[in-house]
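Visitor: So that you have it, the file is input.pdb, and it contains PDB, C-alpha atoms and all ligand atoms:
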```pdb
ATOM      1  CA  MET A  20     183.739 112.932 -18.669  1.00  0.00           C
ATOM      2  CA  ASN A  21     185.337 110.305 -16.407  1.00  0.00           C
ATOM      3  CA  LYS A  22     188.731 108.940 -17.454  1.00  0.00           C
ATOM      4  CA  PRO A  23     188.202 105.642 -19.354  1.00  0.00           C
ATOM      5  CA  ILE A  24     189.173 102.632 -17.289  1.00  0.00           C
ATOM      6  CA  ILE A  25     191.935 100.272 -18.359  1.00  0.00           C
ATOM      7  CA  ARG A  26     190.843  96.645 -18.262  1.00  0.00           C
ATOM      8  CA  GLY A  27     193.359  93.801 -18.342  1.00  0.00           C
ATOM      9  CA  LEU A  28     192.994  90.089 -19.076  1.00  0.00           C
ATOM     10  CA  PHE A  29     194.751  87.194 -17.323  1.00  0.00           C
ATOM     11  CA  THR A  30     194.258  83.565 -18.351  1.00  0.00           C
ATOM     12  CA  GLY A  31     194.876  80.281 -16.591  1.00  0.00           C
ATOM     13  CA  ARG A  32     193.273  76.941 -15.752  1.00  0.00           C
ATOM     14  CA  PHE A  33     193.661  77.311 -11.967  1.00  0.00           C
ATOM     15  CA  GLN A  34     193.893  73.564 -11.274  1.00  0.00           C
ATOM     16  CA  PRO A  35     194.175  74.610  -8.416  1.00  0.00           C
ATOM     17  CA  PRO A  36     194.880  78.333  -7.806  1.00  0.00           C
ATOM     18  CA  HIS A  37     198.172  78.907  -5.939  1.00  0.00           C
ATOM     19  CA  TRP A  38     200.050  81.841  -4.376  1.00  0.00           C
ATOM     20  CA  GLY A  39     201.855  82.540  -7.685  1.00  0.00           C
ATOM     21  CA  HIS A  40     198.461  83.340  -9.257  1.00  0.00           C
ATOM     22  CA  VAL A  41     197.442  85.579  -6.344  1.00  0.00           C
ATOM     23  CA  TRP A  42     200.713  87.537  -6.403  1.00  0.00           C
ATOM     24  CA  ALA A  43     200.473  87.858 -10.202  1.00  0.00           C
ATOM     25  CA  VAL A  44     196.957  89.333  -9.888  1.00  0.00           C
ATOM     26  CA  ARG A  45     198.129  91.721  -7.158  1.00  0.00           C
ATOM     27  CA  ASP A  46     200.950  92.940  -9.454  1.00  0.00           C
ATOM     28  CA  ILE A  47     198.712  93.286 -12.514  1.00  0.00           C
ATOM     29  CA  LEU A  48     196.198  95.361 -10.520  1.00  0.00           C
ATOM     30  CA  ARG A  49     198.946  97.981 -10.057  1.00  0.00           C
ATOM     31  CA  GLU A  50     198.790  98.563 -13.832  1.00  0.00           C
ATOM     32  CA  VAL A  51     195.073  98.214 -14.646  1.00  0.00           C
ATOM     33  CA  ASP A  52     191.804  99.370 -13.089  1.00  0.00           C
ATOM     34  CA  GLU A  53     189.915  96.119 -13.618  1.00  0.00           C
ATOM     35  CA  LEU A  54     191.087  92.611 -14.393  1.00  0.00           C
ATOM     36  CA  VAL A  55     189.215  89.925 -16.277  1.00  0.00           C
ATOM     37  CA  ILE A  56     190.456  86.539 -15.097  1.00  0.00           C
ATOM     38  CA  VAL A  57     189.658  83.876 -17.652  1.00  0.00           C
ATOM     39  CA  ILE A  58     189.333  80.358 -16.308  1.00  0.00           C
ATOM     40  CA  GLY A  59     190.170  78.373 -19.421  1.00  0.00           C
ATOM     41  CA  SER A  60     189.492  74.717 -20.212  1.00  0.00           C
ATOM     42  CA  ALA A  61     186.186  75.304 -18.440  1.00  0.00           C
ATOM     43  CA  GLN A  62     184.512  72.145 -19.746  1.00  0.00           C
ATOM     44  CA  PHE A  63     187.214  69.861 -18.372  1.00  0.00           C
ATOM     45  CA  ASN A  64     187.131  68.208 -14.954  1.00  0.00           C
ATOM     46  CA  TYR A  65     187.826  64.821 -13.337  1.00  0.00           C
ATOM     47  CA  ILE A  66     190.903  64.312 -15.557  1.00  0.00           C
ATOM     48  CA  ILE A  67     194.521  64.309 -14.371  1.00  0.00           C
ATOM     49  CA  LYS A  68     195.460  67.716 -15.839  1.00  0.00           C
ATOM     50  CA  ASP A  69     192.086  69.241 -14.938  1.00  0.00           C
ATOM     51  CA  PRO A  70     190.734  67.552 -11.812  1.00  0.00           C
ATOM     52  CA  PHE A  71     188.482  70.366 -10.563  1.00  0.00           C
ATOM     53  CA  THR A  72     185.247  71.591 -12.095  1.00  0.00           C
ATOM     54  CA  VAL A  73     185.058  75.173 -13.242  1.00  0.00           C
ATOM     55  CA  GLY A  74     182.595  75.884 -10.416  1.00  0.00           C
ATOM     56  CA  GLU A  75     185.104  74.601  -7.876  1.00  0.00           C
ATOM     57  CA  ARG A  76     187.845  76.675  -9.527  1.00  0.00           C
ATOM     58  CA  ILE A  77     185.727  79.853  -9.341  1.00  0.00           C
ATOM     59  CA  TRP A  78     185.064  79.136  -5.661  1.00  0.00           C
ATOM     60  CA  MET A  79     188.771  78.476  -4.906  1.00  0.00           C
ATOM     61  CA  LEU A  80     190.002  81.447  -6.912  1.00  0.00           C
ATOM     62  CA  ARG A  81     187.651  83.917  -5.192  1.00  0.00           C
ATOM     63  CA  GLU A  82     188.671  82.647  -1.749  1.00  0.00           C
ATOM     64  CA  ALA A  83     192.369  82.721  -2.728  1.00  0.00           C
ATOM     65  CA  LEU A  84     192.097  86.326  -3.927  1.00  0.00           C
ATOM     66  CA  LYS A  85     190.220  87.356  -0.762  1.00  0.00           C
ATOM     67  CA  GLU A  86     192.904  85.732   1.349  1.00  0.00           C
ATOM     68  CA  GLY A  87     195.500  87.709  -0.632  1.00  0.00           C
ATOM     69  CA  SER A  88     193.581  90.936   0.207  1.00  0.00           C
ATOM     70  CA  ILE A  89     192.658  91.496  -3.450  1.00  0.00           C
ATOM     71  CA  ASP A  90     189.710  93.834  -3.981  1.00  0.00           C
ATOM     72  CA  LEU A  91     187.160  91.555  -5.684  1.00  0.00           C
ATOM     73  CA  SER A  92     185.192  94.573  -6.962  1.00  0.00           C
ATOM     74  CA  ARG A  93     188.050  95.029  -9.473  1.00  0.00           C
ATOM     75  CA  ILE A  94     187.952  91.397 -10.617  1.00  0.00           C
ATOM     76  CA  ILE A  95     185.675  89.776 -13.211  1.00  0.00           C
ATOM     77  CA  ILE A  96     186.006  85.975 -13.353  1.00  0.00           C
ATOM     78  CA  VAL A  97     184.893  84.446 -16.663  1.00  0.00           C
ATOM     79  CA  PRO A  98     184.923  80.701 -17.360  1.00  0.00           C
ATOM     80  CA  ILE A  99     185.569  79.838 -21.014  1.00  0.00           C
ATOM     81  CA  PRO A 100     185.449  76.374 -22.608  1.00  0.00           C
ATOM     82  CA  ASN A 101     188.193  75.484 -25.085  1.00  0.00           C
ATOM     83  CA  ILE A 102     187.491  75.112 -28.782  1.00  0.00           C
ATOM     84  CA  GLU A 103     189.300  72.931 -31.320  1.00  0.00           C
ATOM     85  CA  ASN A 104     190.057  75.757 -33.743  1.00  0.00           C
ATOM     86  CA  ASN A 105     192.965  77.742 -32.268  1.00  0.00           C
ATOM     87  CA  ALA A 106     192.838  80.327 -35.049  1.00  0.00           C
ATOM     88  CA  ALA A 107     189.258  81.137 -34.031  1.00  0.00           C
ATOM     89  CA  TRP A 108     190.053  81.264 -30.292  1.00  0.00           C
ATOM     90  CA  PHE A 109     190.444  85.025 -30.028  1.00  0.00           C
ATOM     91  CA  GLY A 110     186.953  85.683 -31.457  1.00  0.00           C
ATOM     92  CA  HIS A 111     185.556  83.027 -29.124  1.00  0.00           C
ATOM     93  CA  LEU A 112     187.332  84.611 -26.124  1.00  0.00           C
ATOM     94  CA  ARG A 113     186.197  88.120 -27.079  1.00  0.00           C
ATOM     95  CA  SER A 114     182.572  86.993 -27.137  1.00  0.00           C
ATOM     96  CA  TYR A 115     182.809  85.937 -23.463  1.00  0.00           C
ATOM     97  CA  VAL A 116     184.541  88.946 -21.890  1.00  0.00           C
ATOM     98  CA  PRO A 117     184.042  92.687 -21.595  1.00  0.00           C
ATOM     99  CA  PRO A 118     186.421  94.810 -23.745  1.00  0.00           C
ATOM    100  CA  PHE A 119     190.035  94.785 -22.539  1.00  0.00           C
ATOM    101  CA  GLN A 120     193.121  96.723 -23.577  1.00  0.00           C
ATOM    102  CA  VAL A 121     196.028  94.582 -22.406  1.00  0.00           C
ATOM    103  CA  ALA A 122     196.610  90.900 -21.680  1.00  0.00           C
ATOM    104  CA  TYR A 123     199.005  89.300 -19.205  1.00  0.00           C
ATOM    105  CA  THR A 124     200.301  85.783 -19.674  1.00  0.00           C
ATOM    106  CA  GLY A 125     203.376  83.676 -19.146  1.00  0.00           C
ATOM    107  CA  ASN A 126     202.183  81.177 -21.758  1.00  0.00           C
ATOM    108  CA  PRO A 127     203.988  81.829 -25.108  1.00  0.00           C
ATOM    109  CA  PHE A 128     201.250  80.097 -27.135  1.00  0.00           C
ATOM    110  CA  VAL A 129     198.500  82.243 -25.633  1.00  0.00           C
ATOM    111  CA  ALA A 130     200.726  85.332 -26.061  1.00  0.00           C
ATOM    112  CA  MET A 131     201.171  84.501 -29.763  1.00  0.00           C
ATOM    113  CA  LEU A 132     197.421  84.115 -30.387  1.00  0.00           C
ATOM    114  CA  LEU A 133     196.670  87.386 -28.587  1.00  0.00           C
ATOM    115  CA  ARG A 134     199.454  89.371 -30.324  1.00  0.00           C
ATOM    116  CA  GLU A 135     198.330  88.086 -33.721  1.00  0.00           C
ATOM    117  CA  ALA A 136     194.890  89.478 -32.885  1.00  0.00           C
ATOM    118  CA  GLY A 137     196.469  92.878 -32.230  1.00  0.00           C
ATOM    119  CA  ILE A 138     196.328  92.778 -28.419  1.00  0.00           C
ATOM    120  CA  GLU A 139     199.151  94.249 -26.333  1.00  0.00           C
ATOM    121  CA  VAL A 140     200.623  91.386 -24.282  1.00  0.00           C
ATOM    122  CA  ARG A 141     202.658  91.921 -21.133  1.00  0.00           C
ATOM    123  CA  GLN A 142     204.451  89.404 -18.954  1.00  0.00           C
ATOM    124  CA  GLN A 143     203.584  89.766 -15.282  1.00  0.00           C
ATOM    125  CA  PRO A 144     206.363  88.919 -12.789  1.00  0.00           C
ATOM    126  CA  LEU A 145     206.728  85.172 -12.220  1.00  0.00           C
ATOM    127  CA  TYR A 146     207.250  83.928  -8.671  1.00  0.00           C
ATOM    128  CA  ASP A 147     209.467  80.858  -8.286  1.00  0.00           C
ATOM    129  CA  ARG A 148     207.804  78.968 -11.153  1.00  0.00           C
ATOM    130  CA  GLU A 149     209.689  75.767 -10.288  1.00  0.00           C
ATOM    131  CA  LYS A 150     207.887  75.717  -6.972  1.00  0.00           C
ATOM    132  CA  TYR A 151     204.615  77.576  -7.537  1.00  0.00           C
ATOM    133  CA  ASN A 152     202.907  75.769 -10.392  1.00  0.00           C
ATOM    134  CA  SER A 153     199.739  73.696 -10.324  1.00  0.00           C
ATOM    135  CA  THR A 154     201.307  70.642 -11.995  1.00  0.00           C
ATOM    136  CA  ARG A 155     203.748  70.346  -9.092  1.00  0.00           C
ATOM    137  CA  ILE A 156     200.953  70.894  -6.580  1.00  0.00           C
ATOM    138  CA  ARG A 157     198.918  68.064  -8.136  1.00  0.00           C
ATOM    139  CA  GLU A 158     202.008  65.816  -8.084  1.00  0.00           C
ATOM    140  CA  LEU A 159     202.668  66.549  -4.392  1.00  0.00           C
ATOM    141  CA  MET A 160     199.013  65.815  -3.562  1.00  0.00           C
ATOM    142  CA  LEU A 161     199.243  62.471  -5.327  1.00  0.00           C
ATOM    143  CA  LYS A 162     202.353  61.586  -3.330  1.00  0.00           C
ATOM    144  CA  ASP A 163     200.648  62.571  -0.049  1.00  0.00           C
ATOM    145  CA  ASN A 164     203.405  65.150   0.414  1.00  0.00           C
ATOM    146  CA  PRO A 165     201.943  67.898   2.661  1.00  0.00           C
ATOM    147  CA  GLU A 166     204.322  70.487   1.076  1.00  0.00           C
ATOM    148  CA  TRP A 167     201.520  71.345  -1.387  1.00  0.00           C
ATOM    149  CA  GLU A 168     199.579  73.092   1.367  1.00  0.00           C
ATOM    150  CA  LYS A 169     202.297  75.765   1.673  1.00  0.00           C
ATOM    151  CA  LEU A 170     201.941  76.629  -2.011  1.00  0.00           C
ATOM    152  CA  VAL A 171     198.230  77.501  -1.921  1.00  0.00           C
ATOM    153  CA  PRO A 172     196.180  79.848   0.278  1.00  0.00           C
ATOM    154  CA  LYS A 173     194.721  78.124   3.349  1.00  0.00           C
ATOM    155  CA  SER A 174     191.199  78.640   1.993  1.00  0.00           C
ATOM    156  CA  VAL A 175     192.109  76.681  -1.157  1.00  0.00           C
ATOM    157  CA  ALA A 176     193.534  73.783   0.883  1.00  0.00           C
ATOM    158  CA  GLU A 177     190.335  73.788   2.954  1.00  0.00           C
ATOM    159  CA  ILE A 178     188.096  73.618  -0.144  1.00  0.00           C
ATOM    160  CA  ILE A 179     190.209  70.786  -1.583  1.00  0.00           C
ATOM    161  CA  ARG A 180     189.728  68.887   1.672  1.00  0.00           C
ATOM    162  CA  ARG A 181     185.973  69.548   1.683  1.00  0.00           C
ATOM    163  CA  ILE A 182     185.530  68.208  -1.839  1.00  0.00           C
ATOM    164  CA  ASN A 183     187.874  65.222  -1.222  1.00  0.00           C
ATOM    165  CA  GLY A 184     190.157  66.593  -3.916  1.00  0.00           C
ATOM    166  CA  ILE A 185     193.149  64.380  -3.164  1.00  0.00           C
ATOM    167  CA  GLU A 186     191.038  61.235  -3.184  1.00  0.00           C
ATOM    168  CA  ARG A 187     189.559  62.379  -6.500  1.00  0.00           C
ATOM    169  CA  LEU A 188     193.003  62.938  -7.993  1.00  0.00           C
ATOM    170  CA  LYS A 189     194.165  59.502  -6.878  1.00  0.00           C
ATOM    171  CA  THR A 190     191.074  57.783  -8.267  1.00  0.00           C
ATOM    172  CA  ILE A 191     191.430  59.554 -11.611  1.00  0.00           C
ATOM    173  CA  THR A 192     195.117  58.638 -11.779  1.00  0.00           C
ATOM    174  CA  THR A 193     194.542  54.955 -11.139  1.00  0.00           C
ATOM    175  CA  GLY A 194     192.008  54.945 -13.955  1.00  0.00           C
ATOM    176  CA  GLU A 195     189.054  53.974 -11.792  1.00  0.00           C
ATOM    177  CA  ALA A 196     187.161  57.061 -12.896  1.00  0.00           C
ATOM    178  CA  GLU A 197     187.502  56.479 -16.637  1.00  0.00           C
ATOM    179  CA  PRO A 198     184.286  57.748 -18.208  1.00  0.00           C
ATOM    180  CA  HIS A 199     181.820  54.946 -18.930  1.00  0.00           C
ATOM    181  CA  LYS A 200     180.414  54.707 -22.425  1.00  0.00           C
ATOM    182  CA  TRP A 201     176.661  54.976 -22.111  1.00  0.00           C
TER     183      TRP A 201
HETATM  184  N1  LIG A 301     204.514  81.236  -9.932  1.00  0.00           N
HETATM  185  C1  LIG A 301     203.840  82.074 -10.708  1.00  0.00           C
HETATM  186  N2  LIG A 301     204.047  83.417 -10.632  1.00  0.00           N
HETATM  187  C2  LIG A 301     203.374  84.257 -11.437  1.00  0.00           C
HETATM  188  N3  LIG A 301     202.493  83.895 -12.380  1.00  0.00           N
HETATM  189  C3  LIG A 301     202.259  82.575 -12.501  1.00  0.00           C
HETATM  190  C4  LIG A 301     202.900  81.605 -11.672  1.00  0.00           C
HETATM  191  N4  LIG A 301     202.449  80.375 -12.027  1.00  0.00           N
HETATM  192  C5  LIG A 301     201.568  80.567 -13.035  1.00  0.00           C
HETATM  193  N5  LIG A 301     201.461  81.881 -13.334  1.00  0.00           N
HETATM  194  C6  LIG A 301     200.663  82.474 -14.402  1.00  0.00           C
HETATM  195  O1  LIG A 301     199.372  81.882 -14.417  1.00  0.00           O
HETATM  196  C7  LIG A 301     198.957  81.643 -15.773  1.00  0.00           C
HETATM  197  C8  LIG A 301     198.761  80.153 -15.989  1.00  0.00           C
HETATM  198  O2  LIG A 301     197.833  79.672 -15.101  1.00  0.00           O
HETATM  199  P1  LIG A 301     197.759  78.110 -14.845  1.00  0.00           P
HETATM  200  O3  LIG A 301     196.533  77.893 -14.057  1.00  0.00           O
HETATM  201  O4  LIG A 301     197.921  77.360 -16.101  1.00  0.00           O
HETATM  202  O5  LIG A 301     199.025  77.901 -13.874  1.00  0.00           O
HETATM  203  P2  LIG A 301     200.124  76.791 -13.813  1.00  0.00           P
HETATM  204  O6  LIG A 301     200.650  76.855 -12.430  1.00  0.00           O
HETATM  205  O7  LIG A 301     201.106  76.975 -14.936  1.00  0.00           O
HETATM  206  O8  LIG A 301     199.282  75.458 -14.018  1.00  0.00           O
HETATM  207  P3  LIG A 301     199.639  74.003 -14.658  1.00  0.00           P
HETATM  208  O9  LIG A 301     200.965  73.608 -14.069  1.00  0.00           O
HETATM  209  O10 LIG A 301     198.484  73.164 -14.261  1.00  0.00           O
HETATM  210  O11 LIG A 301     199.728  74.201 -16.156  1.00  0.00           O
HETATM  211  C9  LIG A 301     200.092  82.086 -16.694  1.00  0.00           C
HETATM  212  O12 LIG A 301     199.851  83.394 -17.175  1.00  0.00           O
HETATM  213  C10 LIG A 301     201.273  82.091 -15.762  1.00  0.00           C
HETATM  214  O13 LIG A 301     202.234  83.044 -16.185  1.00  0.00           O
HETATM  215  N1  LIG A 302     191.713  76.760 -28.697  1.00  0.00           N
HETATM  216  C1  LIG A 302     191.462  77.081 -27.447  1.00  0.00           C
HETATM  217  O1  LIG A 302     190.386  76.850 -26.913  1.00  0.00           O
HETATM  218  C2  LIG A 302     192.532  77.738 -26.623  1.00  0.00           C
HETATM  219  C3  LIG A 302     193.621  78.376 -27.181  1.00  0.00           C
HETATM  220  C4  LIG A 302     194.530  78.965 -26.319  1.00  0.00           C
HETATM  221  C5  LIG A 302     194.351  78.900 -24.948  1.00  0.00           C
HETATM  222  N2  LIG A 302     193.270  78.254 -24.455  1.00  0.00           N
HETATM  223  C6  LIG A 302     193.040  78.108 -23.020  1.00  0.00           C
HETATM  224  O2  LIG A 302     193.339  79.271 -22.316  1.00  0.00           O
HETATM  225  C7  LIG A 302     193.900  78.911 -21.075  1.00  0.00           C
HETATM  226  C8  LIG A 302     195.288  79.484 -21.028  1.00  0.00           C
HETATM  227  O3  LIG A 302     195.811  79.262 -19.805  1.00  0.00           O
HETATM  228  P1  LIG A 302     197.322  78.871 -19.530  1.00  0.00           P
HETATM  229  O4  LIG A 302     198.041  80.167 -19.525  1.00  0.00           O
HETATM  230  O5  LIG A 302     197.232  78.217 -18.246  1.00  0.00           O
HETATM  231  O6  LIG A 302     197.748  77.912 -20.596  1.00  0.00           O
HETATM  232  C9  LIG A 302     193.932  77.374 -21.014  1.00  0.00           C
HETATM  233  O7  LIG A 302     192.752  76.897 -20.398  1.00  0.00           O
HETATM  234  C10 LIG A 302     193.935  77.012 -22.463  1.00  0.00           C
HETATM  235  O8  LIG A 302     193.378  75.721 -22.719  1.00  0.00           O
HETATM  236  C11 LIG A 302     192.355  77.689 -25.259  1.00  0.00           C
END
```
Just give me the structure as structure tokens.
Guide:
Amino acid sequence: MNKPIIRGLFTGRFQPPHWGHVWAVRDILREVDELVIVIGSAQFNYIIKDPFTVGERIWMLREALKEGSIDLSRIIIVPIPNIENNAAWFGHLRSYVPPFQVAYTGNPFVAMLLREAGIEVRQQPLYDREKYNSTRIRELMLKDNPEWEKLVPKSVAEIIRRINGIERLKTITTGEAEPHKW
């Protein structure tokens, strides 16, 4: 009988993916055979905190991981929409992903929900969180500060350009893209 594989879980919104995410995945793959990467808040897009669609995030994340020389055959990307009932979130999550033995997160709220469901939670190394975080990247983009490009893989910056991501972010921020009621 083959040795059972260890599958890990890593959650994020990836708005957009940055080098911190790629290095975290690289580190986690030293401890597990396969990694399920959950793209949370999957139903949200075109809002300040979540400007990119989940399809765009899948595209960016795959390219980012490739650029970081991550073996994609060990990665399973699963988009999951949020639900209102936090206490029911673990059951919701479990219905979307293959079985996993250990979860990695730097988010204390997510860690609490997973631990309460009996899941082993580990903290992957964090790389310069002050600098490598998506909120800061979105802020730099809005200020037309080109520093953001150093924080993401080149392929991610290229996709953001192709989809006019900065223009989108600016339009959302000025309120011009408020959803119409129809
Ligand atoms: N610099 C980093 N180094 C390692 N892991 C990171 C880093 N930044 C985020 N992570 C991990 O990624 C997951 C969160 O993903 P998420 O997409 O929310 O990133 P974020 O940069 O915190 O985004 P935002 O600022 O939009 O909330 C957490 O588990 C977190 O620990
Ligand atoms: N009730 C819910 O749907 C629920 C609960 C906890 C986390 N989540 C999602 O999981 C993801 C966690 O990622 P972060 O580590 O980036 O916070 C986010 O998209 C978050 O919205 C959803």
Visitor: Any idea what's packed within 12 Å of Gly137 (chain A), counting only C-alpha atoms, ignoring anything in its chain fewer than 4 positions away? Could you give it as a tab-separated table (two decimals) with C-alpha atoms, keeping the file's coordinate frame?
Guide:
```tsv
chain	number	residue	atom	x	y	z
A	109	PHE	CA	190.44	85.02	-30.03
A	110	GLY	CA	186.95	85.68	-31.46
A	119	PHE	CA	190.04	94.78	-22.54
A	120	GLN	CA	193.12	96.72	-23.58
A	121	VAL	CA	196.03	94.58	-22.41
A	122	ALA	CA	196.61	90.90	-21.68
A	130	ALA	CA	200.73	85.33	-26.06
A	131	MET	CA	201.17	84.50	-29.76
A	132	LEU	CA	197.42	84.12	-30.39
A	133	LEU	CA	196.67	87.39	-28.59
```
Visitor: Go through A:Pro98, A:Ser114, A:Phe71, A:His37 one by one, measure the shortest atom-to-atom distance of each to Glu86 (chain A) using only C-alpha atoms, and give the residue with the smallest value.
Guide: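 When distances to Glu86 (chain A) are compared using only C-alpha atoms, the smallest one comes from A:His37.
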Visitor: Which residues fall under the PyMOL selection byres (((chain A and resi 20-31) around 8) and not hetatm) in this file, as a PyMOL selection string?
Guide: chain A and resi 32-33+47+51-59+118-124
Visitor: Could you tell me which residues the PyMOL selection byres (((chain A and resi 185-194) around 10) and not hetatm) returns for this structure, as an MDAnalysis selection string?
Guide: chainID A and resid 65:71 157:163 179:180 182:184 195:198
Visitor: List all protein, DNA and RNA residues that have an atom no more than 7 Å from any atom of ligand LIG 301 (chain A), counting only C-alpha atoms and all ligand atoms, and report them as a PyMOL selection string.
Guide: chain A and resi 29-36+39-40+42-43+68+123-126+143-148+151-155
Visitor: Would you output that residue set with C-alpha atoms, as a PDB file, in the frame of the given file?
Guide:
```pdb
ATOM      1  CA  PHE A  29     194.751  87.194 -17.323  1.00  0.00           C
ATOM      2  CA  THR A  30     194.258  83.565 -18.351  1.00  0.00           C
ATOM      3  CA  GLY A  31     194.876  80.281 -16.591  1.00  0.00           C
ATOM      4  CA  ARG A  32     193.273  76.941 -15.752  1.00  0.00           C
ATOM      5  CA  PHE A  33     193.661  77.311 -11.967  1.00  0.00           C
ATOM      6  CA  GLN A  34     193.893  73.564 -11.274  1.00  0.00           C
ATOM      7  CA  PRO A  35     194.175  74.610  -8.416  1.00  0.00           C
ATOM      8  CA  PRO A  36     194.880  78.333  -7.806  1.00  0.00           C
ATOM      9  CA  GLY A  39     201.855  82.540  -7.685  1.00  0.00           C
ATOM     10  CA  HIS A  40     198.461  83.340  -9.257  1.00  0.00           C
ATOM     11  CA  TRP A  42     200.713  87.537  -6.403  1.00  0.00           C
ATOM     12  CA  ALA A  43     200.473  87.858 -10.202  1.00  0.00           C
ATOM     13  CA  LYS A  68     195.460  67.716 -15.839  1.00  0.00           C
ATOM     14  CA  TYR A 123     199.005  89.300 -19.205  1.00  0.00           C
ATOM     15  CA  THR A 124     200.301  85.783 -19.674  1.00  0.00           C
ATOM     16  CA  GLY A 125     203.376  83.676 -19.146  1.00  0.00           C
ATOM     17  CA  ASN A 126     202.183  81.177 -21.758  1.00  0.00           C
ATOM     18  CA  GLN A 143     203.584  89.766 -15.282  1.00  0.00           C
ATOM     19  CA  PRO A 144     206.363  88.919 -12.789  1.00  0.00           C
ATOM     20  CA  LEU A 145     206.728  85.172 -12.220  1.00  0.00           C
ATOM     21  CA  TYR A 146     207.250  83.928  -8.671  1.00  0.00           C
ATOM     22  CA  ASP A 147     209.467  80.858  -8.286  1.00  0.00           C
ATOM     23  CA  ARG A 148     207.804  78.968 -11.153  1.00  0.00           C
ATOM     24  CA  TYR A 151     204.615  77.576  -7.537  1.00  0.00           C
ATOM     25  CA  ASN A 152     202.907  75.769 -10.392  1.00  0.00           C
ATOM     26  CA  SER A 153     199.739  73.696 -10.324  1.00  0.00           C
ATOM     27  CA  THR A 154     201.307  70.642 -11.995  1.00  0.00           C
ATOM     28  CA  ARG A 155     203.748  70.346  -9.092  1.00  0.00           C
TER      29      ARG A 155
END
```
Visitor: Expand the PyMOL selection byres (((chain A and resi 81) around 12) and not hetatm) into the individual residues it matches in the shown file, reporting them as a ChimeraX atom specification.
Guide: /A:33,35-37,40-41,44,56,58,74-80,82-97,172,174-175,178
Visitor: Mind writing the picked residues with C-alpha atoms as an mmCIF file, in the frame of the given file?
Guide:
```
data_model
loop_
_atom_site.group_PDB
_atom_site.id
_atom_site.type_symbol
_atom_site.label_atom_id
_atom_site.label_comp_id
_atom_site.auth_asym_id
_atom_site.auth_seq_id
_atom_site.Cartn_x
_atom_site.Cartn_y
_atom_site.Cartn_z
ATOM 1 C CA PHE A 33 193.661 77.311 -11.967
ATOM 2 C CA PRO A 35 194.175 74.610 -8.416
ATOM 3 C CA PRO A 36 194.880 78.333 -7.806
ATOM 4 C CA HIS A 37 198.172 78.907 -5.939
ATOM 5 C CA HIS A 40 198.461 83.340 -9.257
ATOM 6 C CA VAL A 41 197.442 85.579 -6.344
ATOM 7 C CA VAL A 44 196.957 89.333 -9.888
ATOM 8 C CA ILE A 56 190.456 86.539 -15.097
ATOM 9 C CA ILE A 58 189.333 80.358 -16.308
ATOM 10 C CA GLY A 74 182.595 75.884 -10.416
ATOM 11 C CA GLU A 75 185.104 74.601 -7.876
ATOM 12 C CA ARG A 76 187.845 76.675 -9.527
ATOM 13 C CA ILE A 77 185.727 79.853 -9.341
ATOM 14 C CA TRP A 78 185.064 79.136 -5.661
ATOM 15 C CA MET A 79 188.771 78.476 -4.906
ATOM 16 C CA LEU A 80 190.002 81.447 -6.912
ATOM 17 C CA GLU A 82 188.671 82.647 -1.749
ATOM 18 C CA ALA A 83 192.369 82.721 -2.728
ATOM 19 C CA LEU A 84 192.097 86.326 -3.927
ATOM 20 C CA LYS A 85 190.220 87.356 -0.762
ATOM 21 C CA GLU A 86 192.904 85.732 1.349
ATOM 22 C CA GLY A 87 195.500 87.709 -0.632
ATOM 23 C CA SER A 88 193.581 90.936 0.207
ATOM 24 C CA ILE A 89 192.658 91.496 -3.450
ATOM 25 C CA ASP A 90 189.710 93.834 -3.981
ATOM 26 C CA LEU A 91 187.160 91.555 -5.684
ATOM 27 C CA SER A 92 185.192 94.573 -6.962
ATOM 28 C CA ARG A 93 188.050 95.029 -9.473
ATOM 29 C CA ILE A 94 187.952 91.397 -10.617
ATOM 30 C CA ILE A 95 185.675 89.776 -13.211
ATOM 31 C CA ILE A 96 186.006 85.975 -13.353
ATOM 32 C CA VAL A 97 184.893 84.446 -16.663
ATOM 33 C CA PRO A 172 196.180 79.848 0.278
ATOM 34 C CA SER A 174 191.199 78.640 1.993
ATOM 35 C CA VAL A 175 192.109 76.681 -1.157
ATOM 36 C CA ILE A 178 188.096 73.618 -0.144
#
```
Visitor: Rounded to one decimal, what separation in Å do you get between CA of Arg45 (chain A) and atom C11 of ligand LIG 302 (chain A)?
Guide: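 Rounded to one decimal, the two atoms are 23.6 Å apart.
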Visitor: In Å, with one decimal, what is the gap from CA of Arg134 (chain A) to atom O2 of ligand LIG 302 (chain A)?
Guide: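 We find that CA of Arg134 (chain A) and atom O2 of ligand LIG 302 (chain A) lie 14.3 Å from each other.
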Visitor: Restricting the calculation to only C-alpha atoms and all ligand atoms, which member of A:Val116, A:Leu170, A:Val73, A:Ala106 is positioned closest to ligand LIG 302 (chain A)?
Guide: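 Closest candidate: A:Ala106.
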Visitor: Padding 5 Å on each side, edges along x, y and z: where is the centre of the box around the listed atoms of ligand LIG 302 (chain A), and how long are its edges in Å to one decimal? Output it as lines of an AutoDock Vina configuration file.
Guide:
```
center_x = 194.2
center_y = 77.9
center_z = -23.5
size_x = 17.7
size_y = 14.4
size_z = 20.5
```
Visitor: What is the distance between atom N1 of ligand LIG 302 (chain A) and CA of Val140 (chain A), in Å to one decimal?
Guide: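 Pair atom N1 of ligand LIG 302 (chain A) / CA of Val140 (chain A) returns 17.7 Å.
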Visitor: Counting only C-alpha atoms and all ligand atoms, which residue out of A:Trp167, A:Tyr115, A:Trp108, A:Trp38 sits closest to ligand LIG 302 (chain A)?
Guide: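 The closest residue to ligand LIG 302 (chain A) is A:Trp108.
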Visitor: I need the residue nearest ligand LIG 302 (chain A) from this list: A:Lys150, A:Arg181, A:Lys173, A:His111. Use only C-alpha atoms and all ligand atoms for the distance.
Guide: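 For ligand LIG 302 (chain A), the nearest of the candidates is A:His111.
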